[in-house]
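See structure below.
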Amino acid sequence: MSPPGARSGTRPGRRPASRPVPRRARLVALATVGAVLAVGGIAEAVARHYTADRFADRMEKRLHTGLDVGFGPTPVTYQLARGSFPRVEVEGEGATFRRFSGVDLHAELADVVRTGEGLSVRDSRVSAELADAALAEAVSTMTGGALGQAAVTTDPAARELVVHAGPAGRIAVGFRPELEKDGIRFERTGVRIGDRVVPDSLASQLLGDTPQELDLSGLPLGLEPERVAVTPDGLRLELTGGPATVKA
C-alpha cells in the first residue's frame with residue numbers, strides 16, 4: 001500500500017524526464033539566430049563604410065588624396081548611437097602637405113564627438129613620411145631652382161639629407177633638418193663637388209642664403225611639429241594637436 005500523498009507510478013523527489021527537442025525545431029532556432037547575426041553584420045558593415053566615407057570627405061580635399069578611415073574594434077553602430085568615437089585612425093598615400101607632395105601619413109584622433117559645428121577632437125597625432133621624391137621637389141623649391149633637377153638621398157647617422165645635382169650628380173649638398181616651434185629649418189651643412197669641399201662663401205653665392213625654412217604654422221587640428229627624423233627612406237615628421245574642432 002502506497003504511503004499517503006504519494007502518486008502512483010512515480011518516485012518521490014525525482015522530476016519526470018524532459019522531452020527531447022525535435023531536430024526540426026533546433027534547425028529553425030539556429031537558422032533564426034544566424035539570420036539575426038547576418039543582418040546585424042550587414043548593418044555594421046554598411047554603417048562602418050558610410051561613416052568612414054563621411055570622415056574621409058572632410059579631409060581628402062585638404063590632402064588631395066584618397067584616405068582609409070578606421071574606428072577600432074567597437075561596433076560603429078554603437079559609436080554612432082552615442083555620437084562619439086573613442087579612436088579614429090586615418091591612413092593615406094601620396095598626399096599633398098604644404099610644399100611636399102607624395103606624402104604617406106598615419107593619423108590617430110582621440111575622442112571624436114559630433115557637435116553642432118561639426119566634430120570636436122580631444123587630441124591628435126600625425127606621422128608623415130616624406131620619401132626621396134617628395135624631398136627633392138621641396139628642396140628644389142627652397143633653393144629657388146639653383147640646383148636644377150636634383151635627387152635626394154639620406155644619411156641617418158649624420159641626420160642629413162644629401163641633395164645630388166649637376167652632371168652625374170657630382171654636386172652634393174647636405175642639409176640637416178632642425179625642428180622649430182612653427183616649422184622645420186633646413187640648415188646647410190656642406191657642399192662638395194666630387195671629392196672637393198666647396199668653401200662656404202662660394203656655396204652661398206651659388207645657393208643663396210641659408211638656412212631655409214618650412215613653415216608649419218596654422219595646421220588643421222592645431223597640429224604642431226613634435227619630432228623630425230632622417231630615415232633610410234626619407235624624412236619622418238611627427239605632429240601632435242590638442243583639443244580642436246573640425247567644422248562641417
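A note on labels: chains of the C-alpha cells are A, B, ... as shown, every chain counts residues from 1, and ligands are counted from 1 in their shown order.
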
Report the closest atom pair, with its distance in Å rounded to one decimal, for each residue of segment 134-248 of chain A that has an atom no farther than 10 Å from segment 105-117 of chain A; count only C-alpha atoms, sort by chain and then rising residue number, and write it as JSON lines.
```
{"residue": "A:Leu221", "atom": "CA", "partner": "A:Leu109", "partner_atom": "CA", "distance": 9.6}
{"residue": "A:Arg236", "atom": "CA", "partner": "A:Leu105", "partner_atom": "CA", "distance": 9.6}
{"residue": "A:Leu237", "atom": "CA", "partner": "A:Leu105", "partner_atom": "CA", "distance": 9.4}
{"residue": "A:Glu238", "atom": "CA", "partner": "A:His106", "partner_atom": "CA", "distance": 9.7}
{"residue": "A:Leu239", "atom": "CA", "partner": "A:Ala107", "partner_atom": "CA", "distance": 9.3}
{"residue": "A:Thr240", "atom": "CA", "partner": "A:Ala107", "partner_atom": "CA", "distance": 9.6}
{"residue": "A:Gly241", "atom": "CA", "partner": "A:Leu109", "partner_atom": "CA", "distance": 9.3}
{"residue": "A:Gly242", "atom": "CA", "partner": "A:Ala110", "partner_atom": "CA", "distance": 9.8}
{"residue": "A:Pro243", "atom": "CA", "partner": "A:Ala110", "partner_atom": "CA", "distance": 9.6}
{"residue": "A:Ala244", "atom": "CA", "partner": "A:Val112", "partner_atom": "CA", "distance": 9.7}
{"residue": "A:Thr245", "atom": "CA", "partner": "A:Glu117", "partner_atom": "CA", "distance": 7.8}
{"residue": "A:Val246", "atom": "CA", "partner": "A:Glu117", "partner_atom": "CA", "distance": 7.7}
{"residue": "A:Lys247", "atom": "CA", "partner": "A:Glu117", "partner_atom": "CA", "distance": 5.4}
{"residue": "A:Ala248", "atom": "CA", "partner": "A:Glu117", "partner_atom": "CA", "distance": 6.2}
```

### Query
How many Å separate atom CA of Leu223 of chain A from atom CA of Thr96 of chain A?
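If I compute the distance from atom CA of Leu223 of chain A to atom CA of Thr96 of chain A, I get 15.9 Å.
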
### Message
Which residues are near Pro225 of chain A? Cut-off 12 Å, only C-alpha atoms, ignore same chain within fewer than 2 positions. Put them as a PyMOL selection string.
### Response
chain A and resi 124-128+178-185+214-219+222-223+227-229+236-241

### Task
Kindly give the distance, in Å, that separates atom CA of Phe71 of chain A and atom CA of Pro86 of chain A, rounded to a single decimal.
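Rounded to one decimal, the two atoms are 8.0 Å apart.
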
### Task
Check the smallest atom-to-atom distance from each of A:Glu213, A:Glu93, A:Asp200, A:Glu129 to Thr231 of chain A using only C-alpha atoms, then report the winner.
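That would be A:Glu129, the residue with the smallest distance to Thr231 of chain A.
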
### Query
Which is closest to Thr51 of chain A among A:Arg196, A:Asp123, A:Pro73, A:Phe85, if we use only C-alpha atoms?
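Using only C-alpha atoms, Thr51 of chain A sits closest to A:Phe85.
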
### Message
So that I can check the secondary structure, give me every residue of segment 76-165 of chain A assigned strand (DSSP E) by backbone DSSP, as a PyMOL selection string.
### Response
chain A and resi 84-97+100-114+118-131+151-155+160-165

Selection export as a compact mmCIF listing (two decimals), in the first residue's frame, atoms kept: N, CA and C atoms:
```txt
# COMPACT_ATOMS: atom_id res chain seq x y z
N SER A 84 29.82 59.55 -30.43
CA SER A 84 31.24 59.75 -30.14
C SER A 84 32.05 58.55 -30.63
N PHE A 85 33.31 58.81 -30.96
CA PHE A 85 34.20 57.79 -31.49
C PHE A 85 35.50 57.83 -30.68
N PRO A 86 35.74 56.84 -29.83
CA PRO A 86 36.91 56.88 -28.96
C PRO A 86 38.23 56.97 -29.71
N ARG A 87 38.32 56.32 -30.87
CA ARG A 87 39.59 56.29 -31.61
C ARG A 87 39.31 56.20 -33.11
N VAL A 88 39.83 57.16 -33.85
CA VAL A 88 39.69 57.17 -35.30
C VAL A 88 41.10 57.17 -35.91
N GLU A 89 41.34 56.23 -36.82
CA GLU A 89 42.64 56.14 -37.49
C GLU A 89 42.47 56.46 -38.96
N VAL A 90 43.42 57.24 -39.49
CA VAL A 90 43.37 57.67 -40.88
C VAL A 90 44.69 57.31 -41.56
N GLU A 91 44.60 56.67 -42.71
CA GLU A 91 45.78 56.30 -43.49
C GLU A 91 45.65 56.90 -44.89
N GLY A 92 46.75 57.43 -45.42
CA GLY A 92 46.73 57.97 -46.77
C GLY A 92 48.10 57.87 -47.43
N GLU A 93 48.10 57.76 -48.74
CA GLU A 93 49.34 57.70 -49.51
C GLU A 93 49.31 58.77 -50.60
N GLY A 94 50.47 59.34 -50.87
CA GLY A 94 50.58 60.32 -51.95
C GLY A 94 49.85 61.62 -51.67
N ALA A 95 49.77 62.03 -50.40
CA ALA A 95 49.06 63.26 -50.03
C ALA A 95 49.92 64.48 -50.33
N THR A 96 49.25 65.63 -50.40
CA THR A 96 49.94 66.92 -50.53
C THR A 96 49.93 67.60 -49.18
N PHE A 97 51.11 68.01 -48.73
CA PHE A 97 51.26 68.57 -47.39
C PHE A 97 52.20 69.77 -47.48
N PHE A 100 55.19 69.82 -49.78
CA PHE A 100 55.50 68.44 -50.14
C PHE A 100 54.32 67.77 -50.83
N SER A 101 54.62 66.94 -51.81
CA SER A 101 53.61 66.07 -52.42
C SER A 101 54.15 64.65 -52.37
N GLY A 102 53.25 63.67 -52.48
CA GLY A 102 53.68 62.28 -52.38
C GLY A 102 53.99 61.87 -50.96
N VAL A 103 53.23 62.40 -50.00
CA VAL A 103 53.46 62.14 -48.58
C VAL A 103 52.55 61.00 -48.10
N ASP A 104 53.13 60.04 -47.38
CA ASP A 104 52.35 58.98 -46.75
C ASP A 104 52.11 59.37 -45.29
N LEU A 105 50.89 59.25 -44.84
CA LEU A 105 50.60 59.70 -43.48
C LEU A 105 49.72 58.71 -42.72
N HIS A 106 49.88 58.77 -41.41
CA HIS A 106 49.04 57.99 -40.49
C HIS A 106 48.63 58.94 -39.37
N ALA A 107 47.33 59.02 -39.12
CA ALA A 107 46.81 59.92 -38.09
C ALA A 107 45.94 59.15 -37.11
N GLU A 108 46.01 59.54 -35.84
CA GLU A 108 45.16 58.97 -34.80
C GLU A 108 44.45 60.11 -34.08
N LEU A 109 43.14 60.05 -34.06
CA LEU A 109 42.33 61.07 -33.40
C LEU A 109 41.63 60.43 -32.22
N ALA A 110 41.70 61.08 -31.07
CA ALA A 110 41.12 60.52 -29.84
C ALA A 110 39.87 61.28 -29.44
N ASP A 111 38.85 60.53 -29.02
CA ASP A 111 37.60 61.09 -28.51
C ASP A 111 37.00 62.11 -29.47
N VAL A 112 36.60 61.61 -30.62
CA VAL A 112 35.96 62.45 -31.63
C VAL A 112 34.45 62.45 -31.34
N VAL A 113 33.88 63.66 -31.18
CA VAL A 113 32.48 63.79 -30.80
C VAL A 113 31.76 64.69 -31.79
N ARG A 114 30.57 64.28 -32.21
CA ARG A 114 29.77 65.11 -33.09
C ARG A 114 29.18 66.28 -32.30
N GLY A 118 30.27 70.58 -36.06
CA GLY A 118 30.96 69.57 -36.84
C GLY A 118 31.44 68.44 -35.96
N LEU A 119 32.75 68.41 -35.71
CA LEU A 119 33.36 67.38 -34.88
C LEU A 119 34.36 68.02 -33.93
N SER A 120 34.34 67.59 -32.69
CA SER A 120 35.37 68.01 -31.74
C SER A 120 36.32 66.85 -31.51
N VAL A 121 37.61 67.16 -31.34
CA VAL A 121 38.65 66.15 -31.15
C VAL A 121 39.43 66.51 -29.88
N ARG A 122 39.60 65.51 -29.01
CA ARG A 122 40.35 65.78 -27.77
C ARG A 122 41.83 65.97 -28.04
N ASP A 123 42.42 65.07 -28.81
CA ASP A 123 43.82 65.24 -29.20
C ASP A 123 44.08 64.42 -30.45
N SER A 124 45.19 64.71 -31.10
CA SER A 124 45.51 64.03 -32.35
C SER A 124 47.02 63.86 -32.49
N ARG A 125 47.39 62.81 -33.23
CA ARG A 125 48.79 62.53 -33.53
C ARG A 125 48.89 62.16 -35.00
N VAL A 126 49.87 62.76 -35.68
CA VAL A 126 50.06 62.50 -37.11
C VAL A 126 51.52 62.17 -37.36
N SER A 127 51.75 61.11 -38.13
CA SER A 127 53.09 60.75 -38.58
C SER A 127 53.11 60.85 -40.10
N ALA A 128 53.98 61.70 -40.64
CA ALA A 128 54.08 61.90 -42.08
C ALA A 128 55.42 61.41 -42.58
N GLU A 129 55.40 60.56 -43.60
CA GLU A 129 56.62 60.01 -44.19
C GLU A 129 56.85 60.68 -45.54
N LEU A 130 57.97 61.38 -45.65
CA LEU A 130 58.30 62.09 -46.88
C LEU A 130 59.40 61.33 -47.59
N ALA A 131 59.06 60.72 -48.72
CA ALA A 131 60.03 59.91 -49.45
C ALA A 131 60.98 60.81 -50.24
N ALA A 151 68.33 64.95 -57.12
CA ALA A 151 67.88 63.75 -56.41
C ALA A 151 68.30 63.88 -54.95
N VAL A 152 67.58 63.19 -54.07
CA VAL A 152 67.86 63.29 -52.64
C VAL A 152 68.09 61.89 -52.07
N THR A 153 69.18 61.76 -51.32
CA THR A 153 69.42 60.56 -50.51
C THR A 153 69.51 60.99 -49.06
N THR A 154 69.55 60.03 -48.17
CA THR A 154 69.60 60.36 -46.75
C THR A 154 70.80 59.71 -46.08
N ASP A 155 71.24 60.36 -45.03
CA ASP A 155 72.32 59.84 -44.18
C ASP A 155 71.81 59.88 -42.75
N GLU A 160 71.27 63.85 -41.92
CA GLU A 160 71.32 64.78 -43.04
C GLU A 160 70.57 64.25 -44.27
N LEU A 161 70.03 65.20 -45.03
CA LEU A 161 69.56 64.94 -46.38
C LEU A 161 70.67 65.38 -47.33
N VAL A 162 70.95 64.57 -48.31
CA VAL A 162 72.01 64.90 -49.27
C VAL A 162 71.38 65.07 -50.64
N VAL A 163 71.51 66.29 -51.19
CA VAL A 163 70.95 66.62 -52.49
C VAL A 163 72.04 66.46 -53.54
N HIS A 164 71.76 65.67 -54.57
CA HIS A 164 72.72 65.41 -55.64
C HIS A 164 72.24 66.12 -56.90
N ALA A 165 73.10 66.96 -57.48
CA ALA A 165 72.74 67.73 -58.65
C ALA A 165 73.92 67.81 -59.61
```

### Task
State, in Å with one decimal place, the distance from atom CA of Glu224 of chain A to atom CA of Asp132 of chain A.
22.9 Å

#### Entry: Nearest to Ala158 of chain A, chosen from A:Leu235, A:Val230, A:Ala133, A:Ala81, with only C-alpha atoms counted in the distances
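For Ala158 of chain A, the nearest of the candidates is A:Val230.
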